[in-house]
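Peer 1: Got a structure here, written out as structure tokens. Questions coming.
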Amino acid sequence: MAITIIDEHEVRLEPLLGKRVAVLGYGNQGQAHALNLRDSGVEVTVGQRGGASFDRASADGFKPEDVSKAAAGADLIILALPDEMAAKIYDQEIKAQLAPGKTLGFIHGFNVRYGFIDPPSGIDVIMVAPKGPGTLLRSLFQEGRGLPSLLAIERDYSNQARGLALAWAAGIGSGRAAVVETTFASETETDLFGEQAVLCGGVTALCKAAFETLVEAGYEPEFAYLECVHELKQIADLIYERGISAMRQRISNTAEYGDLTRGPKLIGPSAREEMKRILAEVQDGTFAKEWIAEAKAGLPRFKSLHEADANSQIEQAGQAVRRLMPWLSADEV
């Protein structure tokens with residue numbers, strides 16, 4: 001199936017000018033969307049409860065309002081809330097403010113795809129989902145560049161939803177890169193699968209398994225960390241910039257032969273079967289229901305797993321390695 005990359009001349013800011021935008025939530029993505037839109041000349045209000053994010057929005061020159069008040073005064077309401085919190089906040093503070101003619105915008109299709117949020121009739125429902133973290137969306141915008149985004153139209157009562165979504169994409173800088181048309185379902189399912197199988201779950205599990213294999217064989221933890229974690233950035237950057245084949249042109253023949261002959265042994269038939277099971281659980285909603293149930297229970301498993309990993313030997317080795325290179329990070333999280 002061929003993807004549809006929207007012509008850059010269609011990605012115009014004008015349909016959004018003169019309209020009021022409320023960005024609800026001022027976390028990683030919310031901050032970037034709010035700042036980029038404001039810098040593009042759009043009228044932006046931030047809806048955010050008190051706390052660190054409220055203070056950050058104030059420091060950035062916004063006057064944060066209650067979520068319900070911000071939503072009530074906006075033409076385009078952008079939900080930049082955590083997936084596990086969005087439905088509850090929507091029901092309590094947003095739904096009542098969705099008068100006919102408004103547009104509800106999402107930066108991720110999760111809650112619509114799995115039915116946790118069911119917008120009322122009479123409003124447009126759109127999505128602009130940047131393919132990267134908010135910090136990158138912001139930094140590229142400030143450099144005069146852009147981060148590609150996925151765009152989807154779930155409901156178009158006004159017959160103007162697509163133009164408004166394109167204007168939103170233009171306002172955050174994605175028109176400078178690429179805007180790709182998709183659906184809420186496709187964006188959600190590929191995003192969750194990619195995070196679990198490769199970008200987060202697959203990469204971290206592979207790093208930890210390789211690190212533990214070297215340490216159990218008697219190698220120093222710091223040396224194992226340098227080989228199995230620290231150097232990963234160099235390879236990831238080459239793939240990001242040039243692709244897999246070009247990355248292989250820039251490593252040694254020894255490394256490439258090991259890549260081509262040993263990699264498929266690690267990610268063989270059993271790993272592929274597990275990937276299919278993970279994808280099936282994303283597609284049928286099993287993962288989504290599990291995650292929302294975990295959140296409603298107070299995140300007991302999430303917190304336990306998070307703490308165990310945060311205090312593991314690989315993290316201790318990483319801290320020791322990064323202390324040798326203080327320019328990598330001013331603060332340890």
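A note on labels: chains of the structure tokens are A, B, ... as shown, every chain counts residues from 1, and ligands are counted from 1 in their shown order.
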Might you pull out every residue within 10 Å of stretch 162-166 of chain A, with only C-alpha atoms counted and same-chain residues fewer than 4 positions away left off, and present them as a PyMOL selection string?
Peer 2: chain A and resi 6+8+10-17+19+76+103+105+124-128+151-156+158+170-171+174-175+179
Peer 1: Could you pull the residues within 12 Å of A:Leu328, counting only C-alpha atoms, minus those fewer than 5 positions along the same chain, as a list in words?
Peer 2: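 In the requested format, the answer is His230, Gly318, Gln319, Val321, Arg322 and Arg323 of chain A.
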Peer 1: So that I can see what lies close to stretch 303-316 of chain A, please list as a PyMOL selection string the residues with an atom at most 12 Å from it, counting only C-alpha atoms and leaving out residues fewer than 2 positions away in the same chain.
Peer 2: chain A and resi 204-205+207-216+220-230+294-295+297-301+318-323+332-333
Peer 1: Do a neighbour search on A:Gln97 at 9 Å with only C-alpha atoms, toss out local chain neighbours closer than 5 positions, and write the hits as a ChimeraX atom specification.
Peer 2: /A:68-69,71-73
Peer 1: How about saving the chosen residues, C-alpha atoms kept, as an mmCIF file, in the first residue's frame?
Peer 2:
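Contents of part22.cif, freshly written:
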data_model
loop_
_atom_site.group_PDB
_atom_site.id
_atom_site.type_symbol
_atom_site.label_atom_id
_atom_site.label_comp_id
_atom_site.auth_asym_id
_atom_site.auth_seq_id
_atom_site.Cartn_x
_atom_site.Cartn_y
_atom_site.Cartn_z
ATOM 1 C CA SER A 68 -12.393 23.346 30.838
ATOM 2 C CA LYS A 69 -12.033 27.113 30.482
ATOM 3 C CA ALA A 71 -11.449 24.323 25.870
ATOM 4 C CA ALA A 72 -14.550 26.501 26.120
ATOM 5 C CA GLY A 73 -12.816 29.455 24.502
#
Peer 1: Output as a short mmCIF file (atom, residue, chain, number, x, y, z; two decimals) with N, CA and C atoms, in the first residue's frame all residues of stretch 46-275 of chain A that backbone DSSP marks as alpha helix (DSSP H).
Peer 2:
data_model
loop_
_atom_site.label_atom_id
_atom_site.label_comp_id
_atom_site.auth_asym_id
_atom_site.auth_seq_id
_atom_site.Cartn_x
_atom_site.Cartn_y
_atom_site.Cartn_z
N ALA A 52 4.37 21.34 38.02
CA ALA A 52 5.58 21.68 37.28
C ALA A 52 5.27 22.13 35.85
N SER A 53 4.30 21.46 35.20
CA SER A 53 3.97 21.83 33.81
C SER A 53 3.30 23.20 33.77
N PHE A 54 2.48 23.51 34.76
CA PHE A 54 1.85 24.83 34.87
C PHE A 54 2.93 25.90 34.99
N ASP A 55 3.90 25.64 35.86
CA ASP A 55 4.99 26.61 36.07
C ASP A 55 5.83 26.77 34.81
N ARG A 56 6.05 25.67 34.08
CA ARG A 56 6.84 25.74 32.85
C ARG A 56 6.10 26.56 31.79
N ALA A 57 4.79 26.38 31.70
CA ALA A 57 4.01 27.16 30.73
C ALA A 57 4.04 28.64 31.09
N SER A 58 3.96 28.94 32.38
CA SER A 58 4.03 30.34 32.82
C SER A 58 5.38 30.94 32.48
N ALA A 59 6.45 30.17 32.72
CA ALA A 59 7.80 30.65 32.42
C ALA A 59 7.98 30.90 30.93
N VAL A 67 -8.41 23.49 32.34
CA VAL A 67 -8.63 22.78 31.08
C VAL A 67 -10.00 23.10 30.50
N SER A 68 -11.04 23.10 31.34
CA SER A 68 -12.39 23.35 30.84
C SER A 68 -12.53 24.76 30.28
N LYS A 69 -11.94 25.73 30.95
CA LYS A 69 -12.03 27.11 30.48
C LYS A 69 -11.28 27.30 29.17
N ALA A 70 -10.10 26.69 29.08
CA ALA A 70 -9.32 26.80 27.84
C ALA A 70 -10.08 26.15 26.68
N ALA A 71 -10.70 25.01 26.92
CA ALA A 71 -11.45 24.32 25.87
C ALA A 71 -12.67 25.12 25.45
N ALA A 72 -13.33 25.74 26.42
CA ALA A 72 -14.55 26.50 26.12
C ALA A 72 -14.27 27.67 25.18
N ASP A 83 -1.90 9.33 27.43
CA ASP A 83 -2.94 8.40 26.99
C ASP A 83 -3.78 7.89 28.14
N GLU A 84 -3.12 7.53 29.26
CA GLU A 84 -3.82 6.89 30.36
C GLU A 84 -4.67 7.86 31.18
N MET A 85 -4.49 9.16 30.98
CA MET A 85 -5.25 10.16 31.72
C MET A 85 -6.28 10.89 30.86
N ALA A 86 -6.13 10.80 29.55
CA ALA A 86 -6.91 11.64 28.64
C ALA A 86 -8.42 11.40 28.74
N ALA A 87 -8.85 10.14 28.79
CA ALA A 87 -10.29 9.85 28.79
C ALA A 87 -10.98 10.42 30.02
N LYS A 88 -10.37 10.29 31.17
CA LYS A 88 -10.97 10.81 32.41
C LYS A 88 -11.08 12.32 32.36
N ILE A 89 -10.01 13.00 31.95
CA ILE A 89 -10.02 14.46 31.86
C ILE A 89 -11.01 14.91 30.79
N PHE A 110 -4.59 6.92 20.03
CA PHE A 110 -4.86 5.86 21.00
C PHE A 110 -6.30 5.86 21.52
N ASN A 111 -6.73 6.97 22.11
CA ASN A 111 -8.02 6.98 22.80
C ASN A 111 -9.21 6.90 21.85
N VAL A 112 -9.07 7.44 20.64
CA VAL A 112 -10.13 7.32 19.66
C VAL A 112 -10.14 5.92 19.06
N ARG A 113 -8.98 5.41 18.73
CA ARG A 113 -8.87 4.08 18.11
C ARG A 113 -9.49 3.01 18.99
N GLY A 134 8.71 15.78 21.48
CA GLY A 134 8.44 17.20 21.43
C GLY A 134 9.69 18.05 21.44
N THR A 135 10.70 17.61 22.17
CA THR A 135 11.95 18.38 22.22
C THR A 135 12.57 18.51 20.83
N LEU A 136 12.49 17.45 20.03
CA LEU A 136 13.02 17.51 18.67
C LEU A 136 12.12 18.36 17.77
N LEU A 137 10.81 18.23 17.95
CA LEU A 137 9.88 19.06 17.19
C LEU A 137 10.19 20.54 17.40
N ARG A 138 10.48 20.91 18.64
CA ARG A 138 10.77 22.30 18.97
C ARG A 138 12.14 22.74 18.44
N SER A 139 13.16 21.93 18.67
CA SER A 139 14.51 22.34 18.27
C SER A 139 14.63 22.46 16.75
N LEU A 140 14.01 21.55 16.00
CA LEU A 140 14.06 21.64 14.54
C LEU A 140 13.32 22.88 14.05
N PHE A 141 12.19 23.19 14.69
CA PHE A 141 11.44 24.40 14.33
C PHE A 141 12.29 25.64 14.52
N GLN A 142 12.99 25.69 15.65
CA GLN A 142 13.83 26.86 15.94
C GLN A 142 14.99 26.98 14.97
N ALA A 161 -12.16 20.25 7.74
CA ALA A 161 -11.27 19.64 8.72
C ALA A 161 -9.86 19.43 8.17
N ARG A 162 -9.77 19.00 6.93
CA ARG A 162 -8.45 18.72 6.36
C ARG A 162 -7.62 19.98 6.26
N GLY A 163 -8.24 21.07 5.83
CA GLY A 163 -7.51 22.33 5.73
C GLY A 163 -7.00 22.80 7.08
N LEU A 164 -7.83 22.62 8.13
CA LEU A 164 -7.41 23.03 9.46
C LEU A 164 -6.28 22.14 9.98
N ALA A 165 -6.38 20.84 9.71
CA ALA A 165 -5.31 19.93 10.13
C ALA A 165 -3.99 20.26 9.43
N LEU A 166 -4.07 20.58 8.16
CA LEU A 166 -2.86 20.95 7.42
C LEU A 166 -2.27 22.25 7.97
N ALA A 167 -3.15 23.18 8.37
CA ALA A 167 -2.67 24.43 8.95
C ALA A 167 -1.98 24.18 10.29
N TRP A 168 -2.52 23.27 11.07
CA TRP A 168 -1.89 22.88 12.34
C TRP A 168 -0.50 22.29 12.05
N ALA A 169 -0.43 21.40 11.06
CA ALA A 169 0.87 20.81 10.70
C ALA A 169 1.85 21.89 10.24
N ALA A 170 1.35 22.88 9.50
CA ALA A 170 2.21 23.98 9.07
C ALA A 170 2.70 24.78 10.26
N GLY A 171 1.80 25.02 11.22
CA GLY A 171 2.14 25.84 12.37
C GLY A 171 3.19 25.25 13.28
N PHE A 184 -6.48 7.20 12.00
CA PHE A 184 -6.24 7.06 13.43
C PHE A 184 -5.79 5.64 13.76
N ALA A 185 -6.43 4.66 13.14
CA ALA A 185 -6.10 3.26 13.44
C ALA A 185 -4.68 2.93 13.02
N SER A 186 -4.30 3.30 11.80
CA SER A 186 -2.97 2.97 11.31
C SER A 186 -1.89 3.65 12.14
N GLU A 187 -2.07 4.93 12.45
CA GLU A 187 -1.08 5.65 13.26
C GLU A 187 -0.91 4.99 14.61
N THR A 188 -2.02 4.66 15.26
CA THR A 188 -1.97 4.09 16.60
C THR A 188 -1.30 2.72 16.60
N GLU A 189 -1.71 1.87 15.70
CA GLU A 189 -1.22 0.50 15.70
C GLU A 189 0.26 0.43 15.34
N THR A 190 0.68 1.19 14.33
CA THR A 190 2.10 1.16 13.96
C THR A 190 2.95 1.82 15.03
N ASP A 191 2.43 2.87 15.66
CA ASP A 191 3.18 3.57 16.70
C ASP A 191 3.42 2.66 17.90
N LEU A 192 2.36 2.01 18.37
CA LEU A 192 2.50 1.13 19.54
C LEU A 192 3.41 -0.06 19.21
N PHE A 193 3.21 -0.65 18.04
CA PHE A 193 4.05 -1.79 17.68
C PHE A 193 5.51 -1.37 17.57
N GLY A 194 5.78 -0.25 16.92
CA GLY A 194 7.16 0.22 16.77
C GLY A 194 7.83 0.46 18.10
N GLY A 201 10.99 -1.18 23.56
CA GLY A 201 11.05 -2.54 24.10
C GLY A 201 12.14 -3.40 23.48
N GLY A 202 12.19 -3.45 22.16
CA GLY A 202 13.18 -4.30 21.51
C GLY A 202 14.60 -3.85 21.76
N VAL A 203 14.86 -2.55 21.60
CA VAL A 203 16.22 -2.03 21.77
C VAL A 203 16.71 -2.20 23.19
N THR A 204 15.89 -1.81 24.17
CA THR A 204 16.36 -1.89 25.56
C THR A 204 16.55 -3.34 26.01
N ALA A 205 15.65 -4.22 25.59
CA ALA A 205 15.79 -5.63 25.97
C ALA A 205 17.05 -6.24 25.34
N LEU A 206 17.34 -5.88 24.09
CA LEU A 206 18.54 -6.38 23.43
C LEU A 206 19.80 -5.85 24.11
N CYS A 207 19.80 -4.56 24.44
CA CYS A 207 20.95 -3.97 25.13
C CYS A 207 21.20 -4.67 26.47
N LYS A 208 20.14 -4.85 27.24
CA LYS A 208 20.29 -5.48 28.56
C LYS A 208 20.77 -6.93 28.45
N ALA A 209 20.20 -7.67 27.49
CA ALA A 209 20.60 -9.07 27.34
C ALA A 209 22.07 -9.17 26.93
N ALA A 210 22.52 -8.31 26.02
CA ALA A 210 23.92 -8.35 25.59
C ALA A 210 24.85 -7.92 26.73
N PHE A 211 24.47 -6.86 27.44
CA PHE A 211 25.25 -6.40 28.59
C PHE A 211 25.41 -7.52 29.61
N GLU A 212 24.31 -8.16 29.97
CA GLU A 212 24.35 -9.21 30.99
C GLU A 212 25.17 -10.41 30.52
N THR A 213 25.13 -10.70 29.22
CA THR A 213 25.91 -11.81 28.69
C THR A 213 27.41 -11.56 28.87
N LEU A 214 27.86 -10.34 28.59
CA LEU A 214 29.28 -10.01 28.76
C LEU A 214 29.67 -10.00 30.23
N VAL A 215 28.85 -9.42 31.08
CA VAL A 215 29.17 -9.35 32.51
C VAL A 215 29.23 -10.76 33.11
N GLU A 216 28.27 -11.60 32.75
CA GLU A 216 28.27 -12.98 33.26
C GLU A 216 29.49 -13.76 32.77
N PRO A 221 31.63 -4.37 33.86
CA PRO A 221 30.34 -3.79 33.50
C PRO A 221 30.47 -2.51 32.67
N GLU A 222 31.44 -1.67 33.00
CA GLU A 222 31.59 -0.42 32.26
C GLU A 222 31.98 -0.69 30.80
N PHE A 223 32.87 -1.69 30.61
CA PHE A 223 33.28 -2.05 29.26
C PHE A 223 32.09 -2.62 28.49
N ALA A 224 31.31 -3.46 29.17
CA ALA A 224 30.12 -4.04 28.53
C ALA A 224 29.13 -2.95 28.15
N TYR A 225 28.99 -1.95 28.99
CA TYR A 225 28.06 -0.85 28.70
C TYR A 225 28.53 -0.06 27.48
N LEU A 232 25.66 2.44 20.61
CA LEU A 232 24.44 2.30 19.82
C LEU A 232 24.08 3.59 19.10
N LYS A 233 24.34 4.73 19.74
CA LYS A 233 23.99 6.02 19.12
C LYS A 233 24.68 6.20 17.78
N GLN A 234 25.94 5.78 17.68
CA GLN A 234 26.67 5.98 16.44
C GLN A 234 26.00 5.23 15.28
N ILE A 235 25.57 4.00 15.55
CA ILE A 235 24.92 3.20 14.52
C ILE A 235 23.52 3.75 14.22
N ALA A 236 22.79 4.13 15.28
CA ALA A 236 21.44 4.67 15.09
C ALA A 236 21.49 5.96 14.27
N ASP A 237 22.47 6.81 14.54
CA ASP A 237 22.59 8.06 13.79
C ASP A 237 22.87 7.79 12.31
N LEU A 238 23.73 6.81 12.02
CA LEU A 238 24.03 6.48 10.63
C LEU A 238 22.79 5.95 9.91
N ILE A 239 22.02 5.11 10.58
CA ILE A 239 20.79 4.58 9.98
C ILE A 239 19.79 5.71 9.76
N TYR A 240 19.65 6.59 10.76
CA TYR A 240 18.73 7.71 10.69
C TYR A 240 19.07 8.62 9.51
N GLU A 241 20.37 8.87 9.33
CA GLU A 241 20.79 9.83 8.31
C GLU A 241 20.88 9.22 6.92
N ARG A 242 21.24 7.91 6.84
CA ARG A 242 21.59 7.35 5.53
C ARG A 242 20.91 6.03 5.19
N ILE A 244 20.10 1.70 6.31
CA ILE A 244 20.86 0.53 6.78
C ILE A 244 22.03 0.21 5.86
N SER A 245 21.80 0.19 4.55
CA SER A 245 22.89 -0.17 3.62
C SER A 245 24.04 0.82 3.70
N ALA A 246 23.72 2.12 3.77
CA ALA A 246 24.78 3.12 3.85
C ALA A 246 25.49 3.06 5.20
N MET A 247 24.78 2.68 6.25
CA MET A 247 25.44 2.48 7.54
C MET A 247 26.50 1.39 7.41
N ARG A 248 26.14 0.31 6.72
CA ARG A 248 27.08 -0.80 6.57
C ARG A 248 28.30 -0.42 5.74
N GLN A 249 28.15 0.58 4.90
CA GLN A 249 29.30 1.05 4.12
C GLN A 249 30.30 1.82 4.99
N ASN A 253 34.43 -4.20 7.48
CA ASN A 253 33.95 -5.43 6.86
C ASN A 253 33.68 -6.51 7.91
N THR A 254 34.52 -6.54 8.93
CA THR A 254 34.33 -7.50 10.02
C THR A 254 32.98 -7.27 10.68
N ALA A 255 32.69 -5.99 11.00
CA ALA A 255 31.43 -5.67 11.66
C ALA A 255 30.24 -6.02 10.76
N GLU A 256 30.36 -5.71 9.47
CA GLU A 256 29.24 -5.99 8.58
C GLU A 256 29.02 -7.49 8.41
N TYR A 257 30.11 -8.27 8.32
CA TYR A 257 29.95 -9.72 8.20
C TYR A 257 29.27 -10.28 9.45
N GLY A 258 29.67 -9.79 10.62
CA GLY A 258 29.02 -10.23 11.86
C GLY A 258 27.55 -9.83 11.89
N ASP A 259 27.26 -8.63 11.39
CA ASP A 259 25.89 -8.15 11.28
C ASP A 259 25.06 -9.09 10.41
N LEU A 260 25.55 -9.36 9.21
CA LEU A 260 24.78 -10.12 8.23
C LEU A 260 24.61 -11.59 8.62
N THR A 261 25.59 -12.15 9.33
CA THR A 261 25.53 -13.58 9.65
C THR A 261 24.98 -13.88 11.04
N ARG A 262 25.20 -13.00 12.01
CA ARG A 262 24.76 -13.28 13.39
C ARG A 262 23.44 -12.61 13.75
N GLY A 263 23.15 -11.44 13.13
CA GLY A 263 21.90 -10.76 13.43
C GLY A 263 20.67 -11.62 13.21
N PRO A 264 20.56 -12.30 12.06
CA PRO A 264 19.39 -13.15 11.82
C PRO A 264 19.28 -14.32 12.79
N LYS A 265 20.39 -14.71 13.43
CA LYS A 265 20.29 -15.78 14.43
C LYS A 265 19.61 -15.27 15.70
N LEU A 266 19.86 -13.98 16.02
CA LEU A 266 19.22 -13.39 17.20
C LEU A 266 17.75 -13.11 16.94
N PRO A 269 13.12 -16.92 13.67
CA PRO A 269 11.69 -17.26 13.59
C PRO A 269 10.94 -17.06 14.90
N SER A 270 11.54 -17.41 16.02
CA SER A 270 10.82 -17.26 17.30
C SER A 270 10.57 -15.79 17.63
N ALA A 271 11.57 -14.95 17.34
CA ALA A 271 11.38 -13.52 17.58
C ALA A 271 10.30 -12.95 16.66
N ARG A 272 10.28 -13.39 15.42
CA ARG A 272 9.27 -12.92 14.49
C ARG A 272 7.87 -13.36 14.91
N GLU A 273 7.75 -14.57 15.44
CA GLU A 273 6.46 -15.03 15.92
C GLU A 273 5.99 -14.19 17.10
N GLU A 274 6.92 -13.83 17.98
CA GLU A 274 6.56 -12.98 19.12
C GLU A 274 6.14 -11.59 18.64
N MET A 275 6.81 -11.07 17.62
CA MET A 275 6.40 -9.79 17.05
C MET A 275 4.97 -9.85 16.52
#
Peer 1: List every residue of stretch 98-177 of chain A that DSSP, applied to the backbone of this structure, places in strand (DSSP E or B), and write the result as a PyMOL selection string.
Peer 2: chain A and resi 103-106+124-130+149-155
Peer 1: Can you write out the residues you just picked, keeping N, CA and C atoms, as a PDB file, in the first residue's frame?
Peer 2:
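This went into again_18.pdb:
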ATOM      1  N   THR A 103     -13.422  21.990  16.657  1.00  0.00           N
ATOM      2  CA  THR A 103     -12.576  20.900  16.171  1.00  0.00           C
ATOM      3  C   THR A 103     -11.775  20.334  17.328  1.00  0.00           C
ATOM      4  N   LEU A 104     -11.796  19.018  17.456  1.00  0.00           N
ATOM      5  CA  LEU A 104     -11.030  18.325  18.486  1.00  0.00           C
ATOM      6  C   LEU A 104      -9.824  17.676  17.834  1.00  0.00           C
ATOM      7  N   GLY A 105      -8.628  18.045  18.318  1.00  0.00           N
ATOM      8  CA  GLY A 105      -7.398  17.553  17.717  1.00  0.00           C
ATOM      9  C   GLY A 105      -6.632  16.631  18.650  1.00  0.00           C
ATOM     10  N   PHE A 106      -6.027  15.608  18.085  1.00  0.00           N
ATOM     11  CA  PHE A 106      -5.239  14.636  18.840  1.00  0.00           C
ATOM     12  C   PHE A 106      -3.825  14.587  18.263  1.00  0.00           C
ATOM     13  N   ASP A 124     -15.588  18.437  14.246  1.00  0.00           N
ATOM     14  CA  ASP A 124     -14.549  17.776  13.458  1.00  0.00           C
ATOM     15  C   ASP A 124     -13.546  17.118  14.400  1.00  0.00           C
ATOM     16  N   VAL A 125     -13.004  15.991  13.985  1.00  0.00           N
ATOM     17  CA  VAL A 125     -12.004  15.271  14.776  1.00  0.00           C
ATOM     18  C   VAL A 125     -10.807  14.995  13.879  1.00  0.00           C
ATOM     19  N   ILE A 126      -9.654  15.541  14.254  1.00  0.00           N
ATOM     20  CA  ILE A 126      -8.455  15.451  13.416  1.00  0.00           C
ATOM     21  C   ILE A 126      -7.257  15.018  14.249  1.00  0.00           C
ATOM     22  N   MET A 127      -6.186  14.682  13.572  1.00  0.00           N
ATOM     23  CA  MET A 127      -4.949  14.300  14.261  1.00  0.00           C
ATOM     24  C   MET A 127      -3.751  14.807  13.475  1.00  0.00           C
ATOM     25  N   VAL A 128      -2.781  15.364  14.195  1.00  0.00           N
ATOM     26  CA  VAL A 128      -1.456  15.662  13.653  1.00  0.00           C
ATOM     27  C   VAL A 128      -0.461  15.059  14.640  1.00  0.00           C
ATOM     28  N   ALA A 129       0.221  14.013  14.204  1.00  0.00           N
ATOM     29  CA  ALA A 129       1.086  13.244  15.094  1.00  0.00           C
ATOM     30  C   ALA A 129       2.541  13.342  14.629  1.00  0.00           C
ATOM     31  N   PRO A 130       3.354  14.185  15.274  1.00  0.00           N
ATOM     32  CA  PRO A 130       4.778  14.281  14.906  1.00  0.00           C
ATOM     33  C   PRO A 130       5.499  12.959  15.141  1.00  0.00           C
ATOM     34  N   SER A 149       5.198  14.711  10.179  1.00  0.00           N
ATOM     35  CA  SER A 149       4.015  14.381  10.973  1.00  0.00           C
ATOM     36  C   SER A 149       3.066  13.521  10.155  1.00  0.00           C
ATOM     37  N   LEU A 150       2.286  12.713  10.865  1.00  0.00           N
ATOM     38  CA  LEU A 150       1.177  11.984  10.256  1.00  0.00           C
ATOM     39  C   LEU A 150      -0.091  12.794  10.473  1.00  0.00           C
ATOM     40  N   LEU A 151      -0.955  12.803   9.475  1.00  0.00           N
ATOM     41  CA  LEU A 151      -2.200  13.562   9.534  1.00  0.00           C
ATOM     42  C   LEU A 151      -3.368  12.632   9.249  1.00  0.00           C
ATOM     43  N   ALA A 152      -4.439  12.763  10.040  1.00  0.00           N
ATOM     44  CA  ALA A 152      -5.623  11.926   9.823  1.00  0.00           C
ATOM     45  C   ALA A 152      -6.883  12.729  10.124  1.00  0.00           C
ATOM     46  N   ILE A 153      -7.936  12.439   9.388  1.00  0.00           N
ATOM     47  CA  ILE A 153      -9.238  13.051   9.595  1.00  0.00           C
ATOM     48  C   ILE A 153     -10.204  11.933   9.999  1.00  0.00           C
ATOM     49  N   GLU A 154     -10.693  11.992  11.226  1.00  0.00           N
ATOM     50  CA  GLU A 154     -11.637  10.992  11.714  1.00  0.00           C
ATOM     51  C   GLU A 154     -13.075  11.408  11.407  1.00  0.00           C
ATOM     52  N   ARG A 155     -13.386  12.699  11.588  1.00  0.00           N
ATOM     53  CA  ARG A 155     -14.732  13.219  11.288  1.00  0.00           C
ATOM     54  C   ARG A 155     -14.595  14.604  10.662  1.00  0.00           C
TER      55      ARG A 155
END
Peer 1: Neighbours of A:Leu81 within 10 Å (only C-alpha atoms; same-chain residues fewer than 6 positions away dropped), as JSON, numbers by chain?
Peer 2: {"A": [23, 24, 25, 26, 27, 28, 29, 30, 48, 87, 89, 90, 106, 107, 108]}
Peer 1: By how many Å are atom CA of A:Phe62 and atom CA of A:Ala34 apart?
Peer 2: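 So the two atoms, atom CA of A:Phe62 and atom CA of A:Ala34, lie 9.2 Å apart.
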Peer 1: One decimal, Å: what's the distance from atom CA of A:Gly50 over to atom CA of A:Gln92, could you say?
Peer 2: 16.6 Å
Peer 1: Distance atom CA of A:Ala280-atom CA of A:Thr4, one decimal place?
Peer 2: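 Computing the Euclidean distance for atom CA of A:Ala280 and atom CA of A:Thr4 yields 25.0 Å.
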Peer 1: So that I can see what lies close to A:Ala74, please list as a list in words the residues with an atom at most 7 Å from it, counting only C-alpha atoms and leaving out residues fewer than 6 positions away in the same chain.
Peer 2: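 Here the answer would be Arg20, Val21 and Ala22 of chain A.
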Peer 1: Go through A:Tyr114, A:Val46, A:Lys95, A:Gly41 and flag the residue nearest A:Gly285, using only C-alpha atoms for the distances.
Peer 2: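 With only C-alpha atoms as the atom set, the closest residue is A:Tyr114.
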